[in-house]
Amino acid sequence: MSIFSLITGRPGLSGFGSASTAEQVTEGIDASNLTAIVTGGVSGIGLETVRVLALRKAHVIIAARNMEAANAAKQLILKDNETARVDVLKLDLSSMKSVRAFVDDFNALNVPLNILINNAGVMFCPFQLSKDGIEMQFATNHIGHFLLTNLLLEKMKNTARSTGIEGRVVNLSSIAHNYTYEHGIRFDQINDERVLRVFTFYLWKNVPQGASTTCYVALHPNLKGVTGKYYLDCNEMEPSAFARDTVLAKKLWDFSNKLVSSAAKP
């Protein structure tokens, strides 16, 4: 997909492109036998993702820090779709204690889990450390989702085994991942107040278009058996060299595990 395709909305091999909406890419899909968690599903593309998944009859759990906003989002969806199955649970991704509590609360619902959409994220927030002593943006965008996914993996595996339906974990990224520091990640400066790069991008998409790729990879049957791929505008794309660097990936995995283990100690 090129900049020309992004601007014009020209479809790619999937039949969809940047102009496609979340409703369009999931048209005709029956998700009534699926349960999904969407982090940060209270506004923007997160809310649209919840709305469209519920429209396709999936049972959707909004995982959000602000419960007032989460309940308002639920009521907004129910206003237009009275049969929507939407629940809300509290989740503060910047707190590992909150992540663990969320998983306990979700497991208490005694429902399956087919889809986990790691949508929530923060950008350009003032420098501060999380309750676990980790820079807030890294804690929220990466560590929180890293822990959440690992804690829910067994649930997803059990669901897949019992239903015969493969699970899907969707991690939202950004084209900004192409613009990093020289070595990709400064592991020794994660909590440095100056670890910050600012980028400005022109945006051609509205919210329904912005949520299309998320909904496409979460529900579309064309992606059965597909794993570990990067999608842009509902089409597979090659990510940056750093994103394909297995050595860097292993280093990040070990670094993340160490942070999680350290926080778990009394």
# chains A, B, ... in the order shown; residues from 1 in each chain; ligands from 1

call {"tool": "residues_around", "arguments": {"residues": "range 69-74 of chain A", "least_positions_apart": "6", "cutoff": "12 Å", "atoms": "only C-alpha atoms", "output": "ChimeraX atom specification"}}
result
/A:38-44,46-51,54,60-63,80-91

call {"tool": "select_by_dssp", "arguments": {"residues": "range 10-131 of chain A", "states": "strand (DSSP E or B)", "output": "list in words"}}
result
Thr35, Ala36, Ile37, Val38, Thr39, His59, Val60, Ile61, Ile62, Ala63, Ala64, Arg85, Val86, Asp87, Val88, Leu89, Lys90, Ile115, Leu116, Ile117, Asn118 and Leu129 of chain A

call {"tool": "closest_residue", "arguments": {"among": "A:Lys79, A:Asp104, A:Ile134, A:Val25", "to": "Arg56 in chain A", "atoms": "only C-alpha atoms"}}
result
A:Val25

call {"tool": "atom_distance", "arguments": {"atom1": "CA of Met96 in chain A", "atom2": "CA of Phe127 in chain A"}}
result
18.8 Å

call {"tool": "atom_distance", "arguments": {"atom1": "CA of Pro112 in chain A", "atom2": "CA of Thr159 in chain A"}}
result
5.6 Å

call {"tool": "atom_distance", "arguments": {"atom1": "CA of Ala22 in chain A", "atom2": "CA of Asn171 in chain A"}}
result
16.5 Å

call {"tool": "select_by_dssp", "arguments": {"residues": "range 53-233 of chain A", "states": "helix (DSSP H, G or I)", "output": "PyMOL selection string"}}
result
chain A and resi 53-55+67-80+96-108+136-163+175-178+187-189+207-210+212-219+221-223

call {"tool": "closest_residue", "arguments": {"among": "A:Leu53, A:Leu259, A:Leu13, A:Ile115", "to": "Ser212 in chain A", "atoms": "only C-alpha atoms"}}
result
A:Leu53

call {"tool": "closest_atom_pairs", "arguments": {"of": "range 222-257 of chain A", "to": "range 135-149 of chain A", "cutoff": "12 Å", "atoms": "only C-alpha atoms", "output": "CSV"}}
result
residue,atom,partner,partner_atom,distance
A:Leu252,CA,A:His142,CA,10.1
A:Trp253,CA,A:Phe146,CA,8.8
A:Asp254,CA,A:Phe146,CA,11.4
A:Phe255,CA,A:Ile143,CA,9.9
A:Ser256,CA,A:Ile143,CA,6.5
A:Asn257,CA,A:Leu147,CA,8.5

call {"tool": "residues_around", "arguments": {"residues": "Phe16 in chain A", "least_positions_apart": "6", "cutoff": "10 Å", "atoms": "only C-alpha atoms", "output": "list in words"}}
result
Gly9, Arg10, Gln24, Val25, Ser212, Thr213, Tyr216, Asp233, Cys234 and Asn235 of chain A

call {"tool": "write_last_selection", "arguments": {"atoms": "N, CA and C atoms", "output": "PDB file, in the first residue's frame"}}
result
ATOM      1  N   GLY A   9      -7.762   5.861  -1.205  1.00  0.00           N
ATOM      2  CA  GLY A   9      -8.599   4.778  -0.712  1.00  0.00           C
ATOM      3  C   GLY A   9      -8.631   3.579  -1.633  1.00  0.00           C
ATOM      4  N   ARG A  10      -7.699   3.512  -2.561  1.00  0.00           N
ATOM      5  CA  ARG A  10      -7.650   2.410  -3.520  1.00  0.00           C
ATOM      6  C   ARG A  10      -7.490   1.080  -2.796  1.00  0.00           C
ATOM      7  N   GLN A  24     -18.039  -2.020   6.708  1.00  0.00           N
ATOM      8  CA  GLN A  24     -17.865  -2.603   5.373  1.00  0.00           C
ATOM      9  C   GLN A  24     -16.994  -3.850   5.397  1.00  0.00           C
ATOM     10  N   VAL A  25     -15.908  -3.829   6.151  1.00  0.00           N
ATOM     11  CA  VAL A  25     -14.972  -4.963   6.132  1.00  0.00           C
ATOM     12  C   VAL A  25     -15.493  -6.156   6.932  1.00  0.00           C
ATOM     13  N   SER A 212     -11.268   0.146  10.827  1.00  0.00           N
ATOM     14  CA  SER A 212     -11.519  -0.935   9.866  1.00  0.00           C
ATOM     15  C   SER A 212     -10.491  -2.054   9.949  1.00  0.00           C
ATOM     16  N   THR A 213      -9.211  -1.717  10.040  1.00  0.00           N
ATOM     17  CA  THR A 213      -8.190  -2.759  10.061  1.00  0.00           C
ATOM     18  C   THR A 213      -8.308  -3.618  11.314  1.00  0.00           C
ATOM     19  N   TYR A 216     -11.226  -5.879  10.808  1.00  0.00           N
ATOM     20  CA  TYR A 216     -10.925  -6.831   9.743  1.00  0.00           C
ATOM     21  C   TYR A 216     -10.086  -7.996  10.272  1.00  0.00           C
ATOM     22  N   ASP A 233      -4.373  -0.664   6.594  1.00  0.00           N
ATOM     23  CA  ASP A 233      -5.507  -0.483   5.681  1.00  0.00           C
ATOM     24  C   ASP A 233      -6.056  -1.824   5.199  1.00  0.00           C
ATOM     25  N   CYS A 234      -6.145  -2.781   6.138  1.00  0.00           N
ATOM     26  CA  CYS A 234      -6.734  -4.112   5.883  1.00  0.00           C
ATOM     27  C   CYS A 234      -5.921  -4.962   4.917  1.00  0.00           C
ATOM     28  N   ASN A 235      -4.664  -4.627   4.731  1.00  0.00           N
ATOM     29  CA  ASN A 235      -3.792  -5.409   3.860  1.00  0.00           C
ATOM     30  C   ASN A 235      -2.463  -5.681   4.560  1.00  0.00           C
TER      31      ASN A 235
END
